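Data file: protein13.cif. Format and content: mmCIF, C-alpha atoms.
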```cif
data_target
#
loop_
_atom_site.label_atom_id
_atom_site.label_comp_id
_atom_site.auth_asym_id
_atom_site.auth_seq_id
_atom_site.Cartn_x
_atom_site.Cartn_y
_atom_site.Cartn_z
CA MET A 1 -67.85 -65.69 154.02
CA TYR A 2 -71.08 -63.69 154.03
CA GLU A 3 -69.24 -60.56 155.19
CA LEU A 4 -66.71 -60.95 152.44
CA ILE A 5 -69.46 -61.20 149.86
CA ALA A 6 -71.29 -58.22 151.31
CA GLN A 7 -68.05 -56.28 151.12
CA TYR A 8 -67.23 -57.15 147.54
CA PRO A 9 -70.39 -57.40 145.40
CA LEU A 10 -68.25 -58.07 142.37
CA LEU A 11 -66.87 -61.19 144.03
CA ALA A 12 -70.40 -62.33 144.84
CA ALA A 13 -71.45 -61.96 141.21
CA LEU A 14 -68.39 -63.85 140.09
CA VAL A 15 -68.96 -66.69 142.56
CA ALA A 16 -72.65 -66.93 141.69
CA LEU A 17 -72.16 -67.09 137.93
CA VAL A 18 -69.19 -69.45 138.08
CA GLY A 19 -71.06 -71.68 140.52
CA LEU A 20 -74.13 -71.69 138.29
CA GLY A 21 -71.95 -72.50 135.29
CA LEU A 22 -70.24 -75.35 137.11
CA VAL A 23 -73.52 -76.92 138.26
CA PHE A 24 -75.05 -76.69 134.80
CA GLY A 25 -71.87 -77.93 133.16
CA ALA A 26 -71.87 -80.99 135.41
CA LEU A 27 -75.56 -81.60 134.62
CA LEU A 28 -74.98 -81.40 130.87
CA GLY A 29 -71.89 -83.57 131.13
CA PHE A 30 -73.93 -86.22 132.91
CA ALA A 31 -76.72 -85.95 130.33
CA ALA A 32 -74.22 -86.26 127.48
CA VAL A 33 -73.04 -89.59 128.88
CA ARG A 34 -76.52 -90.80 129.81
CA PHE A 35 -78.23 -89.88 126.53
CA ARG A 36 -75.40 -90.56 124.14
CA ALA A 37 -76.56 -91.26 120.58
CA GLU A 38 -73.92 -93.14 118.63
CA GLY A 39 -73.52 -92.36 114.96
CA ASN A 40 -76.65 -91.48 113.08
CA PRO A 41 -79.49 -93.78 114.25
CA ILE A 42 -81.62 -93.06 111.16
CA VAL A 43 -78.91 -94.54 108.94
CA ASP A 44 -79.15 -97.75 110.97
CA GLN A 45 -82.94 -97.85 110.62
CA VAL A 46 -82.73 -97.31 106.85
CA ASN A 47 -79.93 -99.89 106.56
CA ALA A 48 -82.09 -102.44 108.39
CA ILE A 49 -84.79 -102.11 105.70
CA LEU A 50 -82.38 -102.46 102.76
CA PRO A 51 -81.97 -106.11 101.67
CA GLN A 52 -78.19 -106.31 102.36
CA THR A 53 -77.42 -107.86 98.99
CA GLN A 54 -74.47 -105.45 98.66
CA CYS A 55 -75.08 -105.66 94.91
CA GLY A 56 -74.31 -102.02 94.11
CA GLN A 57 -77.18 -101.68 91.62
CA CYS A 58 -78.11 -98.39 93.30
CA GLY A 59 -74.78 -96.91 92.26
CA TYR A 60 -73.28 -96.98 95.75
CA PRO A 61 -70.67 -99.53 96.87
CA GLY A 62 -73.08 -101.29 99.24
CA CYS A 63 -76.25 -101.07 101.30
CA ARG A 64 -74.86 -98.93 104.11
CA PRO A 65 -73.44 -96.23 101.79
CA TYR A 66 -76.84 -96.12 100.07
CA ALA A 67 -78.55 -95.82 103.47
CA GLU A 68 -76.31 -92.85 104.25
CA ALA A 69 -77.13 -91.33 100.87
CA ILE A 70 -80.88 -91.75 101.47
CA VAL A 71 -80.61 -89.96 104.81
CA GLY A 72 -78.60 -87.30 102.98
CA GLY A 73 -81.55 -86.75 100.64
CA ASP A 74 -81.13 -89.30 97.81
CA GLU A 75 -84.16 -90.98 96.22
CA ILE A 76 -85.49 -94.16 97.82
CA ASN A 77 -86.31 -96.01 94.57
CA LYS A 78 -82.86 -97.21 93.55
CA CYS A 79 -82.88 -100.65 95.16
CA PRO A 80 -84.19 -103.40 92.83
CA PRO A 81 -83.62 -106.32 95.25
CA GLY A 82 -85.69 -104.55 97.90
CA GLY A 83 -88.47 -104.04 95.34
CA GLN A 84 -91.67 -102.10 95.82
CA ALA A 85 -92.13 -103.47 99.35
CA GLY A 86 -88.77 -102.00 100.34
CA ILE A 87 -89.67 -98.60 98.85
CA GLU A 88 -92.94 -98.58 100.78
CA ALA A 89 -91.16 -99.42 104.04
CA LEU A 90 -88.62 -96.64 103.45
CA ALA A 91 -91.33 -94.12 102.53
CA ASP A 92 -93.17 -95.01 105.72
CA LEU A 93 -90.06 -94.61 107.87
CA LEU A 94 -88.90 -91.35 106.33
CA ASP A 95 -92.34 -89.83 105.70
CA ARG A 96 -91.76 -89.50 101.95
CA GLU A 97 -93.89 -90.23 98.90
CA VAL A 98 -94.10 -93.81 97.61
CA ILE A 99 -92.56 -93.79 94.11
CA PRO A 100 -92.14 -96.64 91.61
CA LEU A 101 -88.80 -98.38 91.27
CA ASP A 102 -86.30 -96.51 89.08
CA ALA A 103 -85.89 -98.78 86.03
CA GLU A 104 -82.45 -97.30 85.38
CA HIS A 105 -81.07 -99.32 88.29
CA GLY A 106 -82.64 -102.65 87.33
CA GLU A 107 -85.91 -104.45 87.81
CA GLU A 108 -87.34 -106.48 90.62
CA LYS A 109 -86.58 -110.20 90.30
CA VAL A 110 -87.36 -113.30 92.31
CA PRO A 111 -84.65 -114.04 94.86
CA GLN A 112 -81.82 -115.90 93.19
CA VAL A 113 -78.78 -117.78 94.30
CA ALA A 114 -75.53 -118.26 92.38
CA TYR A 115 -74.50 -121.77 91.37
CA ILE A 116 -71.07 -122.80 90.04
CA ARG A 117 -71.00 -125.66 87.53
CA GLU A 118 -68.09 -127.33 89.20
CA GLU A 119 -66.92 -129.42 86.26
CA ASP A 120 -66.28 -126.21 84.22
CA CYS A 121 -64.57 -124.22 87.00
CA ILE A 122 -60.89 -123.59 86.32
CA GLY A 123 -60.10 -122.14 89.78
CA CYS A 124 -59.22 -118.60 88.70
CA THR A 125 -60.56 -116.97 91.96
CA LYS A 126 -62.01 -114.02 89.99
CA CYS A 127 -65.50 -114.65 91.30
CA ILE A 128 -64.16 -114.79 94.87
CA GLN A 129 -62.74 -111.29 94.47
CA ALA A 130 -66.04 -110.03 93.03
CA CYS A 131 -68.26 -111.44 95.77
CA PRO A 132 -69.26 -108.65 98.20
CA VAL A 133 -70.32 -111.03 100.98
CA ASP A 134 -67.55 -113.68 100.76
CA ALA A 135 -70.03 -116.40 99.88
CA ILE A 136 -67.70 -118.19 97.44
CA LEU A 137 -65.27 -120.73 98.76
CA GLY A 138 -62.16 -121.89 96.91
CA ALA A 139 -58.47 -121.30 96.18
CA ALA A 140 -56.24 -120.78 93.13
CA LYS A 141 -56.39 -123.78 90.75
CA GLN A 142 -58.92 -125.41 93.05
CA MET A 143 -62.58 -125.83 92.28
CA HIS A 144 -64.83 -123.09 93.77
CA THR A 145 -68.29 -123.40 95.22
CA VAL A 146 -71.02 -121.10 96.52
CA ILE A 147 -72.21 -121.18 100.12
CA ALA A 148 -75.90 -120.97 99.24
CA GLY A 149 -76.96 -119.68 102.66
CA GLU A 150 -74.60 -116.70 102.40
CA CYS A 151 -75.29 -115.83 98.77
CA THR A 152 -77.45 -112.71 98.37
CA GLY A 153 -78.12 -113.26 94.66
CA CYS A 154 -76.46 -110.03 93.54
CA ASP A 155 -75.02 -111.68 90.34
CA LEU A 156 -71.78 -109.67 90.57
CA CYS A 157 -69.80 -112.92 90.19
CA VAL A 158 -71.36 -113.86 86.84
CA GLU A 159 -69.59 -111.17 84.82
CA PRO A 160 -65.93 -111.83 85.82
CA CYS A 161 -66.04 -115.62 85.24
CA PRO A 162 -63.84 -116.34 82.17
CA VAL A 163 -65.49 -119.70 81.41
CA ASP A 164 -69.10 -118.67 82.20
CA CYS A 165 -69.56 -121.48 84.66
CA ILE A 166 -71.69 -119.46 87.11
CA ILE A 167 -75.45 -119.45 86.64
CA MET A 168 -78.15 -117.74 88.70
CA ILE A 169 -80.94 -120.09 89.70
CA PRO A 170 -84.13 -119.09 91.54
CA GLU A 171 -83.80 -119.62 95.26
CA GLU A 172 -84.94 -123.06 96.35
CA GLN A 173 -88.30 -122.96 98.02
CA SER A 174 -88.12 -123.12 101.78
CA LEU A 175 -90.55 -122.43 104.60
CA GLN A 176 -89.36 -118.81 104.62
CA THR A 177 -89.75 -118.17 100.90
CA TRP A 178 -92.87 -120.17 100.12
CA HIS A 179 -95.93 -118.18 99.01
CA TRP A 180 -99.50 -119.31 98.75
CA GLN A 181 -100.39 -119.83 95.10
CA LEU A 182 -103.08 -117.42 93.90
CA PRO A 183 -106.14 -119.13 92.41
CA ASP A 184 -106.07 -119.46 88.63
CA THR A 185 -108.30 -116.67 87.31
CA SER A 186 -107.93 -117.60 83.64
CA ARG A 187 -110.59 -120.29 84.06
CA HIS A 188 -114.14 -118.94 84.07
CA HIS A 189 -115.66 -121.83 85.84
CA ALA A 190 -114.40 -123.10 89.16
CA ASP A 191 -114.62 -126.86 89.51
CA ILE A 192 -116.08 -127.53 92.90
CA ILE A 193 -116.67 -131.24 92.64
CA ALA A 194 -116.01 -133.78 89.89
CA THR A 195 -119.65 -133.91 88.72
CA ASP A 196 -119.70 -130.10 88.13
CA ALA A 197 -116.75 -130.49 85.78
CA GLY A 198 -118.67 -133.13 83.89
CA GLU A 199 -121.80 -130.93 83.51
CA ALA A 200 -119.87 -127.91 82.27
CA ALA A 201 -118.13 -129.89 79.60
CA MET B 1 -106.71 -72.01 145.13
CA LEU B 2 -107.82 -74.20 142.22
CA ALA B 3 -109.70 -71.25 140.71
CA ASP B 4 -106.57 -69.10 140.99
CA TYR B 5 -104.50 -71.55 139.02
CA SER B 6 -107.13 -72.15 136.36
CA ILE B 7 -107.45 -68.39 135.88
CA LEU B 8 -103.66 -68.19 135.60
CA LEU B 9 -103.69 -70.95 132.97
CA ILE B 10 -106.56 -69.54 130.90
CA GLY B 11 -105.00 -66.10 131.13
CA ALA B 12 -101.69 -67.37 129.78
CA ILE B 13 -103.23 -69.60 127.10
CA LEU B 14 -105.98 -67.41 125.65
CA VAL B 15 -106.30 -63.91 127.07
CA ASN B 16 -102.64 -62.94 127.14
CA ASN B 17 -101.54 -65.41 124.49
CA PHE B 18 -97.79 -65.00 124.15
CA VAL B 19 -97.71 -65.07 120.37
CA LEU B 20 -100.87 -63.34 119.23
CA VAL B 21 -101.46 -60.86 122.04
CA GLN B 22 -98.01 -60.18 123.51
CA PHE B 23 -96.15 -60.80 120.22
CA LEU B 24 -93.38 -62.90 121.75
CA GLY B 25 -91.83 -65.88 119.97
CA LEU B 26 -92.84 -64.78 116.51
CA CYS B 27 -89.79 -66.27 114.76
CA PRO B 28 -90.63 -69.93 115.42
CA PHE B 29 -94.29 -69.04 114.84
CA MET B 30 -93.53 -68.00 111.26
CA GLY B 31 -90.54 -70.28 110.72
CA VAL B 32 -91.79 -73.73 111.75
CA SER B 33 -95.43 -73.44 110.70
CA ASN B 34 -95.04 -74.71 107.13
CA LYS B 35 -95.80 -78.31 108.02
CA LEU B 36 -98.27 -79.52 110.63
CA GLU B 37 -96.05 -82.36 111.78
CA THR B 38 -93.01 -80.15 112.32
CA ALA B 39 -95.17 -77.64 114.15
CA MET B 40 -96.36 -80.36 116.52
CA GLY B 41 -92.80 -81.49 117.22
CA MET B 42 -91.71 -77.92 117.82
CA SER B 43 -94.71 -77.37 120.11
CA MET B 44 -93.79 -80.33 122.25
CA ALA B 45 -90.13 -79.34 122.50
CA THR B 46 -91.05 -75.74 123.34
CA THR B 47 -93.64 -76.82 125.92
CA PHE B 48 -91.03 -78.90 127.70
CA VAL B 49 -88.41 -76.14 127.59
CA LEU B 50 -90.76 -73.31 128.58
CA THR B 51 -92.23 -75.10 131.59
CA LEU B 52 -88.89 -76.29 132.86
CA ALA B 53 -87.09 -73.00 132.19
CA SER B 54 -89.83 -71.02 133.90
CA ALA B 55 -89.57 -73.12 137.07
CA CYS B 56 -85.76 -73.26 137.03
CA SER B 57 -85.32 -69.53 136.54
CA ASN B 58 -87.71 -68.92 139.43
CA LEU B 59 -85.58 -71.18 141.66
CA THR B 60 -82.37 -69.50 140.47
CA TYR B 61 -83.72 -66.07 141.23
CA HIS B 62 -85.13 -66.81 144.67
CA PHE B 63 -82.39 -69.09 145.97
CA LEU B 64 -79.26 -67.69 144.37
CA LEU B 65 -79.64 -64.13 143.10
CA GLU B 66 -81.90 -62.67 145.77
CA PRO B 67 -79.93 -63.85 148.84
CA LEU B 68 -76.70 -62.55 147.33
CA GLY B 69 -78.30 -59.25 146.28
CA LEU B 70 -77.54 -59.92 142.61
CA GLU B 71 -80.94 -59.10 141.14
CA TYR B 72 -79.24 -57.13 138.37
CA LEU B 73 -77.78 -60.40 137.00
CA LYS B 74 -81.18 -61.90 136.34
CA THR B 75 -81.13 -61.60 132.53
CA ILE B 76 -77.74 -63.23 132.06
CA SER B 77 -78.45 -66.04 134.53
CA PHE B 78 -81.88 -66.72 133.00
CA ILE B 79 -80.27 -67.01 129.57
CA LEU B 80 -77.84 -69.48 131.10
CA VAL B 81 -80.69 -71.52 132.59
CA ILE B 82 -82.60 -71.51 129.31
CA ALA B 83 -79.55 -72.54 127.29
CA VAL B 84 -78.94 -75.48 129.62
CA VAL B 85 -82.56 -76.64 129.47
CA VAL B 86 -82.51 -76.42 125.66
CA GLN B 87 -79.26 -78.37 125.43
CA PHE B 88 -80.70 -81.00 127.73
CA THR B 89 -83.88 -81.24 125.64
CA GLU B 90 -81.82 -81.55 122.49
CA MET B 91 -79.91 -84.51 123.91
CA VAL B 92 -83.11 -86.24 125.04
CA VAL B 93 -84.86 -85.69 121.68
CA ARG B 94 -81.80 -86.86 119.77
CA LYS B 95 -81.73 -90.07 121.76
CA SER B 96 -85.46 -90.78 121.94
CA SER B 97 -86.65 -89.64 118.49
CA PRO B 98 -83.93 -89.22 115.84
CA LEU B 99 -86.49 -88.47 113.14
CA LEU B 100 -88.01 -85.60 115.14
CA TYR B 101 -84.48 -84.41 115.77
CA GLN B 102 -83.82 -84.32 112.03
CA VAL B 103 -87.14 -82.63 111.28
CA LEU B 104 -86.67 -79.91 113.91
CA GLY B 105 -83.09 -79.39 112.77
CA VAL B 106 -81.84 -75.92 113.53
CA TYR B 107 -85.06 -74.82 115.25
CA LEU B 108 -84.35 -76.92 118.32
CA PRO B 109 -81.24 -74.98 119.42
CA LEU B 110 -83.06 -71.83 118.34
CA ILE B 111 -85.51 -72.27 121.22
CA THR B 112 -82.70 -70.67 123.24
CA THR B 113 -83.34 -67.41 121.46
CA ASN B 114 -87.13 -67.75 121.52
CA CYS B 115 -88.03 -64.53 123.27
CA ALA B 116 -91.14 -66.13 124.79
CA VAL B 117 -88.91 -68.29 126.99
CA LEU B 118 -87.00 -65.35 128.46
CA GLY B 119 -90.23 -63.34 128.44
CA VAL B 120 -91.97 -65.85 130.71
CA ALA B 121 -89.03 -65.89 133.12
CA LEU B 122 -88.97 -62.10 133.40
CA LEU B 123 -92.77 -61.74 133.55
CA ASN B 124 -92.77 -64.21 136.44
CA LEU B 125 -90.65 -61.73 138.38
CA ASN B 126 -92.78 -58.74 137.40
CA LYS B 127 -95.95 -60.49 138.53
CA GLU B 128 -94.19 -61.81 141.67
CA HIS B 129 -95.21 -65.41 141.04
CA ASN B 130 -94.14 -68.08 143.50
CA PHE B 131 -92.61 -71.37 142.35
CA LEU B 132 -95.88 -73.20 141.64
CA GLN B 133 -97.39 -70.17 139.94
CA SER B 134 -94.27 -69.86 137.75
CA LEU B 135 -94.60 -73.49 136.76
CA PHE B 136 -98.25 -73.03 135.78
CA TYR B 137 -97.62 -69.72 134.04
CA GLY B 138 -94.79 -71.26 132.01
CA PHE B 139 -96.93 -74.26 131.13
CA GLY B 140 -99.87 -72.04 130.18
CA ALA B 141 -97.64 -69.90 127.99
CA ALA B 142 -96.33 -73.03 126.29
CA VAL B 143 -99.81 -74.46 125.71
CA GLY B 144 -100.91 -71.13 124.24
CA PHE B 145 -97.86 -71.09 121.99
CA SER B 146 -98.50 -74.69 120.89
CA LEU B 147 -102.18 -74.01 120.27
CA VAL B 148 -101.64 -71.10 117.91
CA LEU B 149 -98.61 -72.70 116.25
CA VAL B 150 -100.54 -75.89 115.41
CA LEU B 151 -103.62 -73.94 114.30
CA PHE B 152 -101.51 -71.67 112.15
CA ALA B 153 -99.60 -74.60 110.61
CA ALA B 154 -102.87 -76.32 109.71
CA MET B 155 -104.07 -73.12 108.05
CA ARG B 156 -100.83 -72.66 106.14
CA GLU B 157 -101.04 -76.22 104.83
CA ARG B 158 -104.41 -75.28 103.33
CA LEU B 159 -103.10 -71.93 102.11
CA ALA B 160 -100.35 -73.73 100.22
CA VAL B 161 -102.92 -75.27 97.88
CA ALA B 162 -105.38 -72.37 97.93
CA ASP B 163 -105.83 -70.00 94.99
CA VAL B 164 -104.01 -66.96 96.40
CA PRO B 165 -103.44 -63.86 94.23
CA GLU B 166 -99.84 -63.77 93.08
CA PRO B 167 -98.55 -60.78 95.09
CA PHE B 168 -99.86 -62.34 98.30
CA GLN B 169 -98.42 -65.81 97.85
CA GLY B 170 -96.06 -67.37 100.41
CA ALA B 171 -95.04 -65.42 103.50
CA ALA B 172 -97.31 -62.46 102.70
CA ILE B 173 -100.58 -64.35 103.06
CA GLY B 174 -99.07 -66.01 106.16
CA MET B 175 -98.53 -62.60 107.78
CA ILE B 176 -102.06 -61.51 106.92
CA THR B 177 -103.47 -64.72 108.37
CA ALA B 178 -101.43 -64.25 111.54
CA GLY B 179 -102.77 -60.72 111.84
CA LEU B 180 -106.36 -61.94 111.51
CA MET B 181 -105.72 -64.64 114.11
CA SER B 182 -104.30 -61.98 116.41
CA LEU B 183 -107.45 -59.89 115.95
CA ALA B 184 -109.55 -62.93 116.81
CA PHE B 185 -107.56 -63.52 119.99
CA MET B 186 -108.11 -59.90 121.02
CA GLY B 187 -111.71 -61.03 121.48
CA PHE B 188 -110.67 -62.92 124.61
CA ALA B 189 -109.65 -59.66 126.32
CA GLY B 190 -111.59 -59.14 129.53
CA LEU B 191 -112.36 -62.83 129.97
CA VAL B 192 -110.19 -63.06 133.08
#
```

Encoding of this model in structure tokens:
Amino acid sequence: MYELIAQYPLLAALVALVGLGLVFGALLGFAAVRFRAEGNPIVDQVNAILPQTQCGQCGYPGCRPYAEAIVGGDEINKCPPGGQAGIEALADLLDREVIPLDAEHGEEKVPQVAYIREEDCIGCTKCIQACPVDAILGAAKQMHTVIAGECTGCDLCVEPCPVDCIIMIPEEQSLQTWHWQLPDTSRHHADIIATDAGEAA
Amino acid sequence: MLADYSILLIGAILVNNFVLVQFLGLCPFMGVSNKLETAMGMSMATTFVLTLASACSNLTYHFLLEPLGLEYLKTISFILVIAVVVQFTEMVVRKSSPLLYQVLGVYLPLITTNCAVLGVALLNLNKEHNFLQSLFYGFGAAVGFSLVLVLFAAMRERLAVADVPEPFQGAAIGMITAGLMSLAFMGFAGLV
């Protein structure tokens, strides 16, 4: 083997480079399997921050398309359900400036849930087709109802209803949505005990 | 022994700084220094690549090319080694820090053509460094590169808001600043 190589230097060069290429190729092939990154991980991180209402107020057909658009360079202030808190989280993740919500796409509201007045429902299924998260249950000519736990409050079902039997009501207070009431600042004098109230009056 | 290696390190970082004294790797120096954060990411990636490539090319030369009498193939095989290390780094960065991957963008694969990387590998041969010395020399070169890149990026961030006369704005004042930095680093000559 060694004699052969000494005899033909060209062969030696060929063997050395091909061997080097093979070893490195195997190494990279292994690394490609070991360190595989599926899809675009930033899109997933952005999508996790978006509220998943799938309401389309941003102008995209859902939260994931908007997440892809943000990674592609779109503004981060087009999501009213996410509100200012959502914009701040996105700005923090993507190292961008915090900007106020774009009023063109809607304003921040308290979380709502759709409610169908069942006595008025004619069973037309139009709201079922409009619902992006399949939170409305029902069939043709049968009364429909909203699965409150699945409803994201996007109000896309309100518009198509021919008899206007869908109303948006503020989400019922639960342990997850309850907030501590801020003290009433409109009163100048804080009543500490009952006798103080009597003196001030 | 310890003194030898510290002299090697200081020599590579300050006295014979690859960017400002030997003028190698100027493209990433000018290209990635607009933002401090990007510069730091680039520094880390380059440090990793330079150290690893320096050691790997040393091994390739002494255990493959020299025994077969193929010293004349050193440039092409070093480029191969560097390309592999860069590809490997790219995969690791993509997996571990997608944001850094996005920020570095095209500059990450461009480390392959960073002349400092090939320069270190070839200088190692010229100076007849052994494996450990190559490792330290590569690391020192990378630290020197990172040092000036981060310093320069910090300066450029200030220059961006400074009141610079119109003809000097942008890249021009950057070049002048780099030249002044280079002059300053000449002051280290004779330290080692």

TODO: Given the file shown, determine the residues that the PyMOL selection byres ((chain B) within 10 of (chain A)) selects; report them as number ranges by chain.
DONE: B: 60, 64-65, 68-73, 76-77, 80-81, 83-85, 87-99, 102

Check: Which residues come within 7 Å of Asn17 in chain B, counting all atoms listed in the file, excluding same-chain residues fewer than 4 positions away, as an MDAnalysis selection string?
Finding: chainID B and resid 12:13 21:22 141 144

- request: Return as JSON, numbers by chain the set of residues that the PyMOL selection byres ((chain B and resi 148) around 12) yields on the displayed structure.
  value: {"B": [13, 14, 17, 18, 19, 20, 21, 23, 25, 26, 28, 29, 30, 32, 33, 36, 39, 40, 43, 141, 142, 143, 144, 145, 146, 147, 149, 150, 151, 152, 153, 154, 155, 156, 177, 178, 181, 182, 184, 185]}

inquiry  = Please enumerate the residues selected by the PyMOL selection byres ((chain B and resi 48) around 10) when evaluated against the supplied file, formatted as a list in words.
reply    = Met42, Ser43, Met44, Ala45, Thr46, Thr47, Val49, Leu50, Thr51, Leu52, Ala53, Val85, Val86, Thr89, Gly138, Phe139 and Ala142 of chain B

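When CA of Glu104 in chain A is paired with CA of Cys55 in chain A, their separation reads 14.7 Å.
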
**Request:** Would you kindly return, as a list in words, each protein, DNA or RNA residue with an atom no farther than 12 Å from any atom of His129 in chain B, considering only C-alpha atoms and excluding same-chain residues fewer than 5 positions away?
**Result:** Asp4, Tyr5, Leu8, Ser54, Ala55, Ser57, Asn58, Leu59, Tyr61, His62, Val120, Ala121, Leu122, Leu123, Asn124, Ser134, Leu135, Phe136, Tyr137 and Gly138 of chain B

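Shell of range 148-159 of chain A at 6 Å, with all atoms listed in the file counted and residues fewer than 5 places along the chain excluded, is A:Thr53, A:Cys55, A:Gln112, A:Val113, A:Cys127, A:Ala130, A:Cys131, A:Ala135, A:Ile166.
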
Keeping only C-alpha atoms, write the selected residues to a file as a short mmCIF file (atom, residue, chain, number, x, y, z; two decimals), keeping the file's coordinate frame.
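So part11.cif came out as:
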```
data_model
loop_
_atom_site.label_atom_id
_atom_site.label_comp_id
_atom_site.auth_asym_id
_atom_site.auth_seq_id
_atom_site.Cartn_x
_atom_site.Cartn_y
_atom_site.Cartn_z
CA THR A 53 -77.42 -107.86 98.99
CA CYS A 55 -75.08 -105.66 94.91
CA GLN A 112 -81.82 -115.90 93.19
CA VAL A 113 -78.78 -117.78 94.30
CA CYS A 127 -65.50 -114.65 91.30
CA ALA A 130 -66.04 -110.03 93.03
CA CYS A 131 -68.26 -111.44 95.77
CA ALA A 135 -70.03 -116.40 99.88
CA ILE A 166 -71.69 -119.46 87.11
#
```

**Asked** Taking (-83.6, -100.7, 107.8) in the file's coordinates as the center, which residues reach within 10 Å of it, counting all atoms listed in the file, put as a ChimeraX atom specification?
**Response** /A:42-52,63-64,67,86,89-90,93

Padding 8 Å on every side, please: axis-aligned box over the listed atoms of range 112-124 of chain A, centre and edge lengths to one decimal in Å, as JSON.
```
{"center_x": -70.5, "center_y": -122.7, "center_z": 89.3, "size_x": 38.6, "size_y": 29.5, "size_z": 26.1}
```

As a check of understanding: the span from CA of Met143 in chain A to CA of Gly123 in chain A is 5.1 Å

What separates CA of Cys124 in chain A and CA of Pro111 in chain A is a distance of 26.6 Å

Need the shell around Leu159 in chain B: protein/DNA/RNA residues with any atom at most 12 Å away, counting all atoms listed in the file. Skip same-chain ones fewer than 6 positions apart. Format as a PDB file with C-alpha atoms, keeping the file's coordinate frame?
```pdb
ATOM      1  CA  SER B  33     -95.430 -73.440 110.700  1.00  0.00           C
ATOM      2  CA  ASN B  34     -95.040 -74.710 107.130  1.00  0.00           C
ATOM      3  CA  LYS B  35     -95.800 -78.310 108.020  1.00  0.00           C
ATOM      4  CA  PHE B 152    -101.510 -71.670 112.150  1.00  0.00           C
ATOM      5  CA  ALA B 153     -99.600 -74.600 110.610  1.00  0.00           C
ATOM      6  CA  PRO B 165    -103.440 -63.860  94.230  1.00  0.00           C
ATOM      7  CA  PHE B 168     -99.860 -62.340  98.300  1.00  0.00           C
ATOM      8  CA  GLN B 169     -98.420 -65.810  97.850  1.00  0.00           C
ATOM      9  CA  GLY B 170     -96.060 -67.370 100.410  1.00  0.00           C
ATOM     10  CA  ALA B 171     -95.040 -65.420 103.500  1.00  0.00           C
ATOM     11  CA  ALA B 172     -97.310 -62.460 102.700  1.00  0.00           C
ATOM     12  CA  ILE B 173    -100.580 -64.350 103.060  1.00  0.00           C
ATOM     13  CA  GLY B 174     -99.070 -66.010 106.160  1.00  0.00           C
ATOM     14  CA  MET B 175     -98.530 -62.600 107.780  1.00  0.00           C
ATOM     15  CA  ILE B 176    -102.060 -61.510 106.920  1.00  0.00           C
ATOM     16  CA  THR B 177    -103.470 -64.720 108.370  1.00  0.00           C
TER      17      THR B 177
END
```

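For the choices A:Gly72, A:Glu119, A:Pro65, A:Lys109, the atom-to-atom distance to Gln84 in chain A is smallest for A:Lys109 when using all atoms listed in the file.
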
Since the input lacks some atoms of range 61-72 of chain B, please model N, CA and C atoms and print them as an mmCIF file, keeping the file's coordinate frame.
```cif
data_model
loop_
_atom_site.group_PDB
_atom_site.id
_atom_site.type_symbol
_atom_site.label_atom_id
_atom_site.label_comp_id
_atom_site.auth_asym_id
_atom_site.auth_seq_id
_atom_site.Cartn_x
_atom_site.Cartn_y
_atom_site.Cartn_z
ATOM 1 N N TYR B 61 -83.574 -67.442 140.735
ATOM 2 C CA TYR B 61 -83.720 -66.070 141.230
ATOM 3 C C TYR B 61 -83.896 -66.057 142.748
ATOM 4 N N HIS B 62 -84.785 -66.907 143.258
ATOM 5 C CA HIS B 62 -85.130 -66.810 144.670
ATOM 6 C C HIS B 62 -84.095 -67.444 145.589
ATOM 7 N N PHE B 63 -83.332 -68.416 145.078
ATOM 8 C CA PHE B 63 -82.390 -69.090 145.970
ATOM 9 C C PHE B 63 -80.940 -68.733 145.715
ATOM 10 N N LEU B 64 -80.659 -68.052 144.623
ATOM 11 C CA LEU B 64 -79.260 -67.690 144.370
ATOM 12 C C LEU B 64 -79.098 -66.176 144.249
ATOM 13 N N LEU B 65 -79.868 -65.548 143.390
ATOM 14 C CA LEU B 65 -79.640 -64.130 143.100
ATOM 15 C C LEU B 65 -80.135 -63.239 144.228
ATOM 16 N N GLU B 66 -81.333 -63.527 144.734
ATOM 17 C CA GLU B 66 -81.900 -62.670 145.770
ATOM 18 C C GLU B 66 -81.080 -62.674 147.066
ATOM 19 N N PRO B 67 -80.710 -63.855 147.589
ATOM 20 C CA PRO B 67 -79.930 -63.850 148.840
ATOM 21 C C PRO B 67 -78.600 -63.128 148.697
ATOM 22 N N LEU B 68 -77.992 -63.180 147.518
ATOM 23 C CA LEU B 68 -76.700 -62.550 147.330
ATOM 24 C C LEU B 68 -76.841 -61.095 146.878
ATOM 25 N N GLY B 69 -78.078 -60.627 146.725
ATOM 26 C CA GLY B 69 -78.300 -59.250 146.280
ATOM 27 C C GLY B 69 -77.849 -59.021 144.853
ATOM 28 N N LEU B 70 -78.024 -60.044 143.996
ATOM 29 C CA LEU B 70 -77.540 -59.920 142.610
ATOM 30 C C LEU B 70 -78.690 -59.849 141.629
ATOM 31 N N GLU B 71 -79.765 -59.140 142.013
ATOM 32 C CA GLU B 71 -80.940 -59.100 141.140
ATOM 33 C C GLU B 71 -80.606 -58.583 139.749
ATOM 34 N N TYR B 72 -79.567 -57.726 139.669
ATOM 35 C CA TYR B 72 -79.240 -57.130 138.370
ATOM 36 C C TYR B 72 -78.670 -58.164 137.397
#
```
